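Text of the file coords.cif, holding mmCIF, C-alpha atoms and all ligand atoms:
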data_target
loop_
_atom_site.label_atom_id
_atom_site.label_comp_id
_atom_site.auth_asym_id
_atom_site.auth_seq_id
_atom_site.Cartn_x
_atom_site.Cartn_y
_atom_site.Cartn_z
CA MET A 239 0.00 0.00 0.00
CA ASN A 240 1.42 3.34 -1.00
CA ASP A 241 -1.27 5.81 0.04
CA SER A 242 -1.06 8.71 2.46
CA THR A 243 -1.68 6.48 5.46
CA SER A 244 1.06 4.01 4.55
CA THR A 245 4.01 3.90 6.93
CA THR A 246 6.35 1.92 4.69
CA SER A 247 8.08 3.36 1.69
CA SER A 248 8.16 1.84 -1.80
CA PRO A 249 10.14 3.56 -4.56
CA SER A 250 8.34 6.64 -5.82
CA ALA A 251 8.23 7.91 -9.40
CA VAL A 252 9.59 11.41 -8.94
CA LEU A 253 9.66 14.36 -11.36
CA VAL A 254 11.76 17.38 -10.40
CA THR A 255 11.40 20.46 -12.59
CA GLY A 256 14.62 22.40 -13.09
CA GLY A 257 16.47 19.40 -11.73
CA ASN A 258 19.58 20.00 -13.80
CA ARG A 259 21.27 22.35 -11.34
CA GLY A 260 21.07 24.12 -8.00
CA ILE A 261 18.47 23.09 -5.44
CA GLY A 262 16.56 20.98 -7.99
CA LEU A 263 19.63 18.89 -8.74
CA ALA A 264 20.28 18.35 -5.02
CA ILE A 265 16.66 17.24 -4.60
CA ALA A 266 16.84 14.86 -7.57
CA ARG A 267 20.10 13.32 -6.38
CA SER A 268 18.73 12.91 -2.87
CA PHE A 269 15.69 10.97 -4.14
CA ALA A 270 17.85 8.86 -6.46
CA GLU A 271 20.32 8.04 -3.67
CA ALA A 272 17.40 6.88 -1.52
CA GLY A 273 16.41 4.42 -4.24
CA HIS A 274 13.54 6.31 -5.86
CA ASP A 275 12.99 6.50 -9.61
CA VAL A 276 13.74 10.04 -10.71
CA VAL A 277 13.36 12.10 -13.86
CA VAL A 278 14.50 15.72 -14.01
CA THR A 279 13.37 18.35 -16.45
CA HIS A 280 15.99 20.46 -18.18
CA ARG A 281 15.66 23.09 -20.89
CA SER A 282 18.69 22.30 -23.02
CA GLY A 283 21.69 20.02 -23.39
CA GLU A 284 21.98 16.72 -21.59
CA PRO A 285 20.58 15.77 -18.17
CA PRO A 286 23.05 15.71 -15.28
CA GLU A 287 25.28 12.65 -15.07
CA GLY A 288 23.53 9.63 -13.60
CA LEU A 289 20.03 11.10 -13.87
CA ARG A 290 17.37 10.64 -16.52
CA GLY A 291 15.94 13.79 -18.03
CA VAL A 292 13.23 15.18 -20.27
CA LEU A 293 13.27 18.54 -21.99
CA CYS A 294 10.71 20.98 -20.64
CA ASP A 295 10.06 24.68 -20.41
CA VAL A 296 7.43 25.13 -17.71
CA THR A 297 6.04 28.24 -19.42
CA ASP A 298 4.79 26.03 -22.27
CA THR A 299 1.72 23.91 -21.48
CA GLU A 300 2.33 21.46 -24.34
CA ALA A 301 5.96 21.01 -23.29
CA VAL A 302 4.86 20.27 -19.71
CA ASP A 303 2.29 17.69 -20.83
CA ARG A 304 4.84 16.09 -23.18
CA ALA A 305 7.51 15.99 -20.47
CA PHE A 306 5.18 14.15 -18.07
CA THR A 307 4.22 11.66 -20.78
CA GLU A 308 7.90 11.04 -21.59
CA ALA A 309 8.83 10.75 -17.91
CA GLU A 310 6.03 8.26 -17.33
CA GLU A 311 7.21 6.23 -20.33
CA ILE A 312 10.77 6.23 -18.99
CA LEU A 313 9.66 5.13 -15.51
CA GLY A 314 6.89 2.81 -16.71
CA ARG A 315 4.31 4.29 -14.35
CA PRO A 316 2.64 7.60 -13.46
CA ILE A 317 4.52 10.26 -11.52
CA ASP A 318 3.53 10.13 -7.86
CA VAL A 319 5.89 12.80 -6.51
CA LEU A 320 6.08 16.19 -8.23
CA VAL A 321 8.68 18.66 -7.07
CA ALA A 322 7.90 21.98 -8.78
CA ASN A 323 11.26 23.65 -8.35
CA ALA A 324 11.91 25.59 -11.59
CA GLY A 325 12.16 29.28 -10.85
CA ILE A 326 13.66 32.57 -11.94
CA THR A 327 14.21 36.07 -10.61
CA LYS A 328 14.02 39.34 -12.48
CA ASP A 329 14.49 41.82 -9.66
CA GLY A 330 13.79 45.53 -9.97
CA LEU A 331 12.21 48.36 -8.05
CA LEU A 332 8.43 48.52 -8.32
CA MET A 333 8.29 51.86 -10.17
CA ARG A 334 10.69 50.58 -12.80
CA MET A 335 9.45 47.03 -13.14
CA SER A 336 8.18 46.27 -16.62
CA ASP A 337 5.05 44.24 -17.30
CA GLU A 338 7.31 41.78 -19.14
CA ASP A 339 9.53 41.17 -16.10
CA PHE A 340 6.54 40.80 -13.79
CA ASP A 341 4.76 38.42 -16.15
CA ALA A 342 7.87 36.34 -16.91
CA VAL A 343 8.49 35.60 -13.24
CA LEU A 344 4.84 34.79 -12.56
CA ASP A 345 4.64 32.62 -15.68
CA THR A 346 7.63 30.50 -14.66
CA ASN A 347 7.35 30.38 -10.88
CA LEU A 348 3.59 30.26 -10.33
CA THR A 349 1.84 29.35 -13.59
CA GLY A 350 4.62 26.86 -14.33
CA ALA A 351 3.95 25.09 -11.02
CA PHE A 352 0.21 25.14 -11.77
CA ARG A 353 0.79 23.58 -15.22
CA CYS A 354 2.87 20.80 -13.68
CA ALA A 355 0.45 20.16 -10.82
CA ARG A 356 -2.51 20.03 -13.20
CA ARG A 357 -0.81 17.39 -15.33
CA ALA A 358 0.56 15.47 -12.34
CA VAL A 359 -2.76 14.98 -10.59
CA LYS A 360 -4.18 13.00 -13.52
CA GLY A 361 -2.15 9.96 -12.52
CA MET A 362 -2.26 10.74 -8.81
CA ILE A 363 -6.06 10.76 -8.71
CA ARG A 364 -6.19 7.38 -10.46
CA ALA A 365 -3.58 5.98 -8.06
CA ARG A 366 -5.24 7.65 -5.06
CA HIS A 367 -1.76 8.69 -4.00
CA GLY A 368 0.39 11.70 -4.76
CA ARG A 369 2.79 14.18 -3.27
CA ILE A 370 3.10 17.69 -4.67
CA ILE A 371 5.89 19.81 -3.28
CA LEU A 372 6.17 23.40 -4.44
CA ILE A 373 9.48 25.17 -3.92
CA SER A 374 8.66 28.68 -2.76
CA SER A 375 10.95 31.05 -0.88
CA VAL A 376 11.14 32.89 2.42
CA VAL A 377 10.61 35.97 0.25
CA GLY A 378 7.09 34.75 -0.59
CA LEU A 379 5.71 35.64 2.82
CA PHE A 380 8.49 37.91 4.15
CA GLY A 381 8.58 40.13 1.05
CA GLY A 382 11.67 41.54 -0.56
CA ALA A 383 12.44 45.08 -1.72
CA GLY A 384 12.98 44.91 -5.46
CA GLN A 385 11.27 41.55 -5.65
CA THR A 386 7.57 42.32 -6.06
CA ASN A 387 7.29 39.87 -8.96
CA TYR A 388 9.27 37.08 -7.28
CA SER A 389 7.57 37.50 -3.89
CA ALA A 390 4.09 37.55 -5.43
CA SER A 391 4.86 34.42 -7.45
CA LYS A 392 6.19 32.56 -4.41
CA ALA A 393 3.28 33.67 -2.17
CA GLY A 394 0.92 32.42 -4.87
CA LEU A 395 2.30 28.92 -4.44
CA VAL A 396 0.83 28.84 -0.93
CA GLY A 397 -2.66 29.42 -2.29
CA LEU A 398 -2.01 26.84 -4.98
CA ALA A 399 -0.93 24.16 -2.49
CA ARG A 400 -3.76 24.90 -0.09
CA SER A 401 -6.39 24.82 -2.82
CA ILE A 402 -5.03 21.52 -4.13
CA THR A 403 -5.19 20.24 -0.56
CA ARG A 404 -8.86 21.22 -0.23
CA GLU A 405 -9.73 19.87 -3.68
CA LEU A 406 -7.81 16.60 -3.62
CA GLY A 407 -6.93 15.92 0.00
CA GLY A 408 -9.53 13.17 0.10
CA ARG A 409 -7.85 11.37 -2.80
CA GLY A 410 -4.62 10.57 -1.00
CA ILE A 411 -2.86 13.61 -2.45
CA THR A 412 -0.89 16.05 -0.33
CA ALA A 413 0.37 19.44 -1.51
CA ASN A 414 2.93 21.36 0.49
CA VAL A 415 5.20 24.34 0.12
CA VAL A 416 8.86 24.37 1.06
CA ALA A 417 10.17 27.88 1.65
CA PRO A 418 13.97 28.00 1.57
CA GLY A 419 15.82 30.97 2.93
CA PHE A 420 19.31 31.79 1.77
CA ILE A 421 20.72 28.74 -0.02
CA GLU A 422 24.16 28.69 -1.61
CA THR A 423 23.46 28.33 -5.36
CA GLU A 424 24.12 30.20 -8.60
CA MET A 425 20.91 32.18 -8.03
CA THR A 426 22.11 33.61 -4.73
CA GLU A 427 25.70 34.08 -5.90
CA GLN A 428 24.28 36.73 -8.23
CA LEU A 429 22.93 38.81 -5.32
CA PRO A 430 24.96 41.94 -4.54
CA GLU A 431 27.48 41.44 -1.71
CA ASP A 432 25.80 44.02 0.55
CA ARG A 433 22.48 42.14 0.24
CA GLN A 434 24.21 38.85 1.08
CA LYS A 435 25.79 40.42 4.18
CA ALA A 436 22.47 41.92 5.28
CA TYR A 437 20.75 38.53 4.97
CA LEU A 438 23.50 36.79 6.94
CA ALA A 439 23.14 39.32 9.76
CA SER A 440 19.40 38.68 9.97
CA ILE A 441 19.49 34.87 9.94
CA PRO A 442 19.18 33.52 13.51
CA ALA A 443 21.14 30.41 12.49
CA GLY A 444 24.02 32.70 11.52
CA ARG A 445 24.77 30.87 8.29
CA PHE A 446 23.44 30.11 4.86
CA ALA A 447 22.18 26.61 4.04
CA SER A 448 23.30 24.03 1.54
CA ALA A 449 20.93 22.78 -1.15
CA ASP A 450 21.13 19.36 0.52
CA GLU A 451 19.39 20.71 3.61
CA VAL A 452 16.41 21.67 1.43
CA ALA A 453 16.55 18.33 -0.39
CA ARG A 454 16.29 16.33 2.81
CA VAL A 455 13.14 18.19 3.87
CA VAL A 456 11.56 17.71 0.45
CA ARG A 457 12.29 14.00 0.59
CA TRP A 458 10.79 13.72 4.04
CA LEU A 459 7.62 15.49 2.85
CA ALA A 460 7.35 12.98 0.00
CA GLY A 461 7.83 10.03 2.31
CA PRO A 462 5.45 7.98 4.43
CA ASP A 463 6.12 9.91 7.66
CA ALA A 464 4.57 13.07 6.19
CA GLY A 465 1.33 11.54 4.91
CA TYR A 466 -0.86 13.68 7.17
CA ILE A 467 0.86 16.97 6.34
CA SER A 468 -0.83 18.99 3.62
CA GLY A 469 -1.27 22.68 2.84
CA ALA A 470 1.72 23.44 5.05
CA VAL A 471 4.48 25.93 4.48
CA ILE A 472 7.72 24.42 5.73
CA PRO A 473 10.49 26.96 6.14
CA VAL A 474 14.10 25.89 5.60
CA ASP A 475 15.59 29.24 6.40
CA GLY A 476 17.50 29.14 9.69
CA GLY A 477 14.75 31.26 11.28
CA LEU A 478 14.98 34.15 8.78
CA GLY A 479 11.25 34.29 8.05
CA MET A 480 10.05 33.23 11.47
CA GLY A 481 6.48 34.22 12.19
CA HIS A 482 5.49 34.72 8.57
N1 LIG A 501 18.91 29.74 -4.08
C1 LIG A 501 18.18 30.18 -3.07
O1 LIG A 501 18.70 30.73 -2.09
C2 LIG A 501 16.70 30.03 -3.08
C3 LIG A 501 16.01 30.48 -1.97
C4 LIG A 501 14.64 30.32 -1.93
C5 LIG A 501 13.98 29.73 -2.96
N2 LIG A 501 14.67 29.31 -4.05
C6 LIG A 501 13.91 28.67 -5.13
O2 LIG A 501 14.42 27.36 -5.35
C7 LIG A 501 14.26 27.02 -6.73
C8 LIG A 501 15.62 26.62 -7.31
O3 LIG A 501 16.50 27.71 -7.11
P1 LIG A 501 18.05 27.61 -7.45
O4 LIG A 501 18.71 28.54 -6.52
O5 LIG A 501 18.47 26.19 -7.53
O6 LIG A 501 18.04 28.30 -8.89
P2 LIG A 501 18.99 28.07 -10.16
O7 LIG A 501 20.29 27.50 -9.76
O8 LIG A 501 18.93 29.38 -10.89
O9 LIG A 501 18.16 26.97 -10.99
C9 LIG A 501 16.89 27.28 -11.49
C10 LIG A 501 16.38 26.06 -12.21
O10 LIG A 501 15.09 26.38 -12.75
C11 LIG A 501 15.12 26.08 -14.14
N3 LIG A 501 14.21 26.93 -14.90
C12 LIG A 501 14.16 28.27 -14.93
N4 LIG A 501 13.18 28.69 -15.77
C13 LIG A 501 12.62 27.56 -16.27
C14 LIG A 501 11.59 27.31 -17.18
N5 LIG A 501 10.91 28.31 -17.78
N6 LIG A 501 11.26 26.05 -17.48
C15 LIG A 501 11.92 25.02 -16.91
N7 LIG A 501 12.93 25.18 -16.04
C16 LIG A 501 13.28 26.45 -15.73
C17 LIG A 501 16.55 26.30 -14.56
O11 LIG A 501 16.78 25.68 -15.79
P3 LIG A 501 18.02 26.15 -16.75
O12 LIG A 501 19.25 25.46 -16.22
O13 LIG A 501 17.61 25.70 -18.10
O14 LIG A 501 18.10 27.65 -16.63
C18 LIG A 501 17.28 25.66 -13.39
O15 LIG A 501 17.26 24.28 -13.52
C19 LIG A 501 13.65 28.24 -7.41
O16 LIG A 501 12.26 28.08 -7.50
C20 LIG A 501 13.99 29.37 -6.47
O17 LIG A 501 13.08 30.42 -6.56
C21 LIG A 501 16.02 29.44 -4.15
#
Show me, as structure tokens, the structure contained in the file I just sent.
Ligand SMILES: NC(=O)c1ccc[n+]([C@@H]2O[C@H](COP(=O)([O-])OP(=O)(O)OC[C@H]3O[C@@H](n4cnc5c(N)ncnc54)[C@H](OP(=O)(O)O)[C@@H]3O)[C@@H](O)[C@H]2O)c1
Amino acid sequence: MNDSTSTTSSPSAVLVTGGNRGIGLAIARSFAEAGHDVVVTHRSGEPPEGLRGVLCDVTDTEAVDRAFTEAEEILGRPIDVLVANAGITKDGLLMRMSDEDFDAVLDTNLTGAFRCARRAVKGMIRARHGRIILISSVVGLFGGAGQTNYSASKAGLVGLARSITRELGGRGITANVVAPGFIETEMTEQLPEDRQKAYLASIPAGRFASADEVARVVRWLAGPDAGYISGAVIPVDGGLGMGH
């Protein structure tokens, strides 16, 4: 039995969007190392060594549907764990933010997750089992100057997960949000040094986190011990966003 009440774990069929680098890659490797069957999406080139991949741009509905179909063919069964991780930033002050930059971030981070969840639940409903994990950010609920688009997109994931929970919670499907704080990846390396220092000063843990620390929480949420957790926002931020 592999439903939400099960306490034993059988290998899951896992799809991680944007699993070719950064946090997504750490998540994919963590699932694979634990013996699960993993497919990552990537937008170009080859998948990372040792992982199977399908090409997918999450802003394209047909590409998302095709990627799921290909992933399910590769794994020989429907996806039962979706990790919607693909995300971008296009920071800028509100008065200067273009419609294009606002829309692009929403289209990738929020609508992209919606497209993936919509396709994923087809198989999950039939199987009466599924785990949807949306990678948000501490900035979603904390806010971030110069990040109106990013913050709005990441806050939107909370409504998405909670609505999926209300709609499909009775079908053995859970939907949760993981909200990382400051994680050492290419995305954060691009932040100005003064912003990095300011974040470090405000993190109660006094350090940034590794992508592996996010991956372990995601894996736990997908596992049998977290079957009764749904619609939750799990911070992995060293206390940065505490209370939000
Ligand atoms: N790093 C942090 O400190 C931090 C903190 C909080 C939340 N997060 C969130 O965690 C997630 C991963 O962040 P990261 O730091 O690992 O970022 P990253 O290193 O920049 O990787 C982003 C990933 O998303 C993919 N992606 C971007 N746009 C896409 C699209 N339209 N379709 C499909 N894939 C797309 C990228 O693919 P390509 O390789 O093709 O570009 C890449 O695989 C993001 O949702 C981010 O918002 C990160």
Original post:
By how many Å are atom CA of Leu293 of chain A and atom O10 of ligand LIG 501 (chain A) apart?
Top reply: 12.3 Å
Subject >> Option closest in space to ligand LIG 501 (chain A), from A:Leu332, A:Ala365, A:Val377, A:Met480 [counting all atoms listed in the file] >> reply: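 Of all the options, A:Val377 lies closest to ligand LIG 501 (chain A).
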Original post:
If I put a ball of radius 8 Å at (16.3, 24.2, -13.6) in the file's coordinates, which residues poke into it when counting only C-alpha atoms, written as a VMD selection string?
Top reply: chain A and resid 255 to 260 262 to 263 279 to 281 323 to 325
**OP:** Considering all atoms listed in the file, state which residue in the set A:Val376, A:Ala383, A:Ile370, A:Leu478 is at the smallest distance from Leu459 of chain A.
**Re:**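 Among A:Val376, A:Ala383, A:Ile370, A:Leu478, it is A:Ile370 that comes nearest to Leu459 of chain A.
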Original post:
So how many Å separate atom P3 of ligand LIG 501 (chain A) and atom CA of Asp345 of chain A, to one decimal?
Top reply: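 About the pair atom P3 of ligand LIG 501 (chain A) and atom CA of Asp345 of chain A: they are 14.9 Å apart.
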**OP:** Please identify all polymer residues within 9 Å of Val455 of chain A, counting all atoms listed in the file, omitting same-chain residues fewer than 3 positions from it, and present them as a list in words.
**Re:**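 So, after excluding close chain neighbours, the residues are Val416, Asp450, Glu451, Val452, Trp458, Leu459, Ala460, Ile472 and Val474 of chain A.
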Original post:
Of the candidates A:Thr346, A:Ser440, A:Asn387, A:Thr403, which shows the shortest atom-to-atom distance to ligand LIG 501 (chain A), using all atoms listed in the file?
Top reply: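 Of the candidates, the smallest distance to ligand LIG 501 (chain A) is held by A:Thr346.
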**OP:** Provide the atom CA of Glu287 of chain A to atom CA of Met362 of chain A distance in Å, to one decimal place.
**Re:**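 Separation of atom CA of Glu287 of chain A and atom CA of Met362 of chain A: 28.3 Å.
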Subject >> Selection: 9 Å around Val396 of chain A, only C-alpha atoms, excl. self and same-chain fewer than 6 positions, as a PyMOL selection string >> reply: chain A and resi 372+374+378+414-415+469-471
**OP:** Compare A:Ala443, A:Ala358, A:Leu406, A:Leu331 by their minimum atom-to-atom distance to Val302 of chain A, counting only C-alpha atoms, and give me the closest one.
**Re:** A:Ala358
Name the residues, using the chain letters and numbers of the file, that sit within 6 Å of (6.9, 15.9, -5.7) when counting all atoms listed in the file, and give them as a PDB file with C-alpha atoms, in the frame of the given file.
ATOM      1  CA  VAL A 319       5.890  12.800  -6.510  1.00  0.00           C
ATOM      2  CA  LEU A 320       6.080  16.190  -8.230  1.00  0.00           C
ATOM      3  CA  VAL A 321       8.680  18.660  -7.070  1.00  0.00           C
ATOM      4  CA  ARG A 369       2.790  14.180  -3.270  1.00  0.00           C
ATOM      5  CA  ILE A 370       3.100  17.690  -4.670  1.00  0.00           C
ATOM      6  CA  ILE A 371       5.890  19.810  -3.280  1.00  0.00           C
TER       7      ILE A 371
END
Quick one: everything within 12 Å of Gly288 of chain A, counting all atoms listed in the file, minus sequence neighbours fewer than 6 positions away in the same chain. Send it as a PDB file with C-alpha atoms, in the frame of the given file.
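Wrote selection_6.pdb, looks like this:
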ATOM      1  CA  ASN A 258      19.580  20.000 -13.800  1.00  0.00           C
ATOM      2  CA  LEU A 263      19.630  18.890  -8.740  1.00  0.00           C
ATOM      3  CA  ALA A 266      16.840  14.860  -7.570  1.00  0.00           C
ATOM      4  CA  ARG A 267      20.100  13.320  -6.380  1.00  0.00           C
ATOM      5  CA  ALA A 270      17.850   8.860  -6.460  1.00  0.00           C
ATOM      6  CA  GLU A 271      20.320   8.040  -3.670  1.00  0.00           C
ATOM      7  CA  ASP A 275      12.990   6.500  -9.610  1.00  0.00           C
ATOM      8  CA  VAL A 276      13.740  10.040 -10.710  1.00  0.00           C
ATOM      9  CA  VAL A 277      13.360  12.100 -13.860  1.00  0.00           C
ATOM     10  CA  VAL A 278      14.500  15.720 -14.010  1.00  0.00           C
TER      11      VAL A 278
END
**OP:** Between A:Ala393, A:Val292, A:Ala399, A:Ala417, single out the one closest to ligand LIG 501 (chain A), counting all atoms listed in the file.
**Re:**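 Among the listed residues, the smallest separation from ligand LIG 501 (chain A) belongs to A:Ala417.
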Original post:
From the list A:Gly291, A:Pro249, A:Gly476, A:Gly330, which residue is nearest Gln385 of chain A when using all atoms listed in the file?
Top reply: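 Closest candidate: A:Gly330.
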Please report, as AutoDock Vina command-line options, the centre and edge lengths in Å to one decimal of an axis-aligned box covering all listed atoms of segment 281-284 of chain A with 5 Å per side.
--center_x 18.8 --center_y 19.9 --center_z -22.1 --size_x 16.3 --size_y 16.4 --size_z 12.5
Please identify all polymer residues within 12 Å of Asp318 of chain A, counting all atoms listed in the file, omitting same-chain residues fewer than 2 positions from it, and present them as a short mmCIF file (atom, residue, chain, number, x, y, z; two decimals) with C-alpha atoms, in the coordinates of the input.
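Printed below is selection29.cif as written:
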data_model
loop_
_atom_site.label_atom_id
_atom_site.label_comp_id
_atom_site.auth_asym_id
_atom_site.auth_seq_id
_atom_site.Cartn_x
_atom_site.Cartn_y
_atom_site.Cartn_z
CA ASN A 240 1.42 3.34 -1.00
CA ASP A 241 -1.27 5.81 0.04
CA SER A 242 -1.06 8.71 2.46
CA SER A 248 8.16 1.84 -1.80
CA PRO A 249 10.14 3.56 -4.56
CA SER A 250 8.34 6.64 -5.82
CA ALA A 251 8.23 7.91 -9.40
CA VAL A 252 9.59 11.41 -8.94
CA LEU A 253 9.66 14.36 -11.36
CA VAL A 254 11.76 17.38 -10.40
CA HIS A 274 13.54 6.31 -5.86
CA ASP A 275 12.99 6.50 -9.61
CA VAL A 276 13.74 10.04 -10.71
CA VAL A 277 13.36 12.10 -13.86
CA PHE A 306 5.18 14.15 -18.07
CA ALA A 309 8.83 10.75 -17.91
CA GLU A 310 6.03 8.26 -17.33
CA LEU A 313 9.66 5.13 -15.51
CA GLY A 314 6.89 2.81 -16.71
CA ARG A 315 4.31 4.29 -14.35
CA PRO A 316 2.64 7.60 -13.46
CA LEU A 320 6.08 16.19 -8.23
CA VAL A 321 8.68 18.66 -7.07
CA ALA A 355 0.45 20.16 -10.82
CA ARG A 357 -0.81 17.39 -15.33
CA ALA A 358 0.56 15.47 -12.34
CA VAL A 359 -2.76 14.98 -10.59
CA LYS A 360 -4.18 13.00 -13.52
CA GLY A 361 -2.15 9.96 -12.52
CA MET A 362 -2.26 10.74 -8.81
CA ILE A 363 -6.06 10.76 -8.71
CA ARG A 364 -6.19 7.38 -10.46
CA ALA A 365 -3.58 5.98 -8.06
CA ARG A 366 -5.24 7.65 -5.06
CA HIS A 367 -1.76 8.69 -4.00
CA GLY A 368 0.39 11.70 -4.76
CA ARG A 369 2.79 14.18 -3.27
CA ILE A 370 3.10 17.69 -4.67
CA ILE A 371 5.89 19.81 -3.28
CA GLY A 410 -4.62 10.57 -1.00
CA ILE A 411 -2.86 13.61 -2.45
CA THR A 412 -0.89 16.05 -0.33
CA ALA A 413 0.37 19.44 -1.51
CA ALA A 460 7.35 12.98 0.00
CA GLY A 461 7.83 10.03 2.31
#
Fix up segment 359-379 of chain A with N, CA and C atoms, then write it as a tab-separated table (two decimals), in the frame of the given file.
chain	number	residue	atom	x	y	z
A	359	VAL	N	-1.67	15.58	-11.37
A	359	VAL	CA	-2.76	14.98	-10.59
A	359	VAL	C	-3.58	13.97	-11.39
A	360	LYS	N	-3.46	14.00	-12.71
A	360	LYS	CA	-4.18	13.00	-13.52
A	360	LYS	C	-3.85	11.59	-13.04
A	361	GLY	N	-2.57	11.29	-12.96
A	361	GLY	CA	-2.15	9.96	-12.52
A	361	GLY	C	-2.34	9.76	-11.03
A	362	MET	N	-2.16	10.85	-10.27
A	362	MET	CA	-2.26	10.74	-8.81
A	362	MET	C	-3.69	10.41	-8.39
A	363	ILE	N	-4.66	11.02	-9.06
A	363	ILE	CA	-6.06	10.76	-8.71
A	363	ILE	C	-6.40	9.30	-8.98
A	364	ARG	N	-5.93	8.80	-10.14
A	364	ARG	CA	-6.19	7.38	-10.46
A	364	ARG	C	-5.55	6.47	-9.42
A	365	ALA	N	-4.32	6.82	-9.01
A	365	ALA	CA	-3.58	5.98	-8.06
A	365	ALA	C	-4.04	6.19	-6.62
A	366	ARG	N	-4.84	7.23	-6.41
A	366	ARG	CA	-5.24	7.65	-5.06
A	366	ARG	C	-4.03	7.86	-4.15
A	367	HIS	N	-2.97	8.36	-4.76
A	367	HIS	CA	-1.76	8.69	-4.00
A	367	HIS	C	-0.96	9.73	-4.78
A	368	GLY	N	-0.48	10.72	-4.09
A	368	GLY	CA	0.39	11.70	-4.76
A	368	GLY	C	0.96	12.68	-3.76
A	369	ARG	N	2.15	13.16	-4.10
A	369	ARG	CA	2.79	14.18	-3.27
A	369	ARG	C	3.22	15.32	-4.18
A	370	ILE	N	2.71	16.50	-3.89
A	370	ILE	CA	3.10	17.69	-4.67
A	370	ILE	C	3.85	18.62	-3.74
A	371	ILE	N	5.06	18.94	-4.13
A	371	ILE	CA	5.89	19.81	-3.28
A	371	ILE	C	6.32	21.01	-4.13
A	372	LEU	N	5.91	22.18	-3.69
A	372	LEU	CA	6.17	23.40	-4.44
A	372	LEU	C	7.30	24.15	-3.75
A	373	ILE	N	8.33	24.46	-4.53
A	373	ILE	CA	9.48	25.17	-3.92
A	373	ILE	C	9.22	26.68	-4.01
A	374	SER	N	8.93	27.24	-2.86
A	374	SER	CA	8.66	28.68	-2.76
A	374	SER	C	9.94	29.36	-2.30
A	375	SER	N	9.79	30.32	-1.40
A	375	SER	CA	10.95	31.05	-0.88
A	375	SER	C	10.51	31.79	0.37
A	376	VAL	N	11.44	32.05	1.25
A	376	VAL	CA	11.14	32.89	2.42
A	376	VAL	C	10.59	34.24	1.96
A	377	VAL	N	11.03	34.67	0.78
A	377	VAL	CA	10.61	35.97	0.25
A	377	VAL	C	9.11	36.00	-0.07
A	378	GLY	N	8.52	34.82	-0.27
A	378	GLY	CA	7.09	34.75	-0.59
A	378	GLY	C	6.23	35.39	0.48
A	379	LEU	N	6.54	35.11	1.74
A	379	LEU	CA	5.71	35.64	2.82
A	379	LEU	C	6.39	36.78	3.58
